[in-house]
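Here's the structure, in C-alpha cells; my notes come after.
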Amino acid sequence: MQASDRFNINSQLEHLQAKYVGTGHADMSRFEWAVNIQRDSYASYVGHYPMLAYFAIAENESIGRERYNFMQKMLLPCGLPPEREED
C-alpha cells in the first residue's frame, strides 16, 4: 500500500462521515453510536410497511400503534445519556 492509497482511503472515509451522520467519527462515544444505530433501525421499521406489519402481527397490535411506539422509542432509544466526566 502506498501513501497515496492511504490518503485516498482516509479522504473517502472523511467524506462519508461528513455526508452521513450515522457513520460516526473518531470523537463519537459508544453511547452516541448506539443511539444512531437504534434510531436508524426504528426509522427503517417505520419506513418499510411490510416490516411494520410483521412487528404489528408479532406483538398483536395495530400497525398505527406500532408506528407510534417506534416513533416514541426514537426519542430516547438507549435511555438517558451517561454522565460526562469533568476534566
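To be explicit about the labels: the chains of the C-alpha cells are called A, B, and onward in the order shown, and within each one the residues are counted from 1, while ligands get numbers from 1 in the order they are shown.
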**Request:** Find the spatial neighbours of Gln38 in chain A, counting only C-alpha atoms, within a cut-off of 8 Å - ignore same-chain residues fewer than 3 positions away - and output them as a ChimeraX atom specification.
**Result:** /A:34-35,41-42,74,77-78
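For the atom pair formed by CA of Arg30 in chain A and CA of Leu75 in chain A, the distance is 17.5 Å, given to one decimal.
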**Message:** Among chain A, which ones does DSSP assign to helix (DSSP H, G or I) (computed from the backbone)? Answer as a PyMOL selection string.
**Reply:** chain A and resi 3-19+21-23+30-47+49-59+63-73
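Residues lying within 12 Å of Val46 in chain A, counting only C-alpha atoms and ignoring same-chain neighbours fewer than 2 positions away, are Arg39, Asp40, Ser41, Tyr42, Ala43, Ser44, His48, Tyr49, Pro50, Met51, Leu52, Ala53, Tyr54, Phe55, Ala56, Ile63, Gly64, Arg65, Glu66, Arg67, Tyr68, Asn69, Phe70, Met71, Gln72, Lys73 and Met74 of chain A.
The two atoms in question, CA of Gln12 in chain A and CA of Asn36 in chain A, are spaced 20.7 Å apart.
Between CA of Glu32 in chain A and CA of Glu59 in chain A lies a distance of 28.3 Å.
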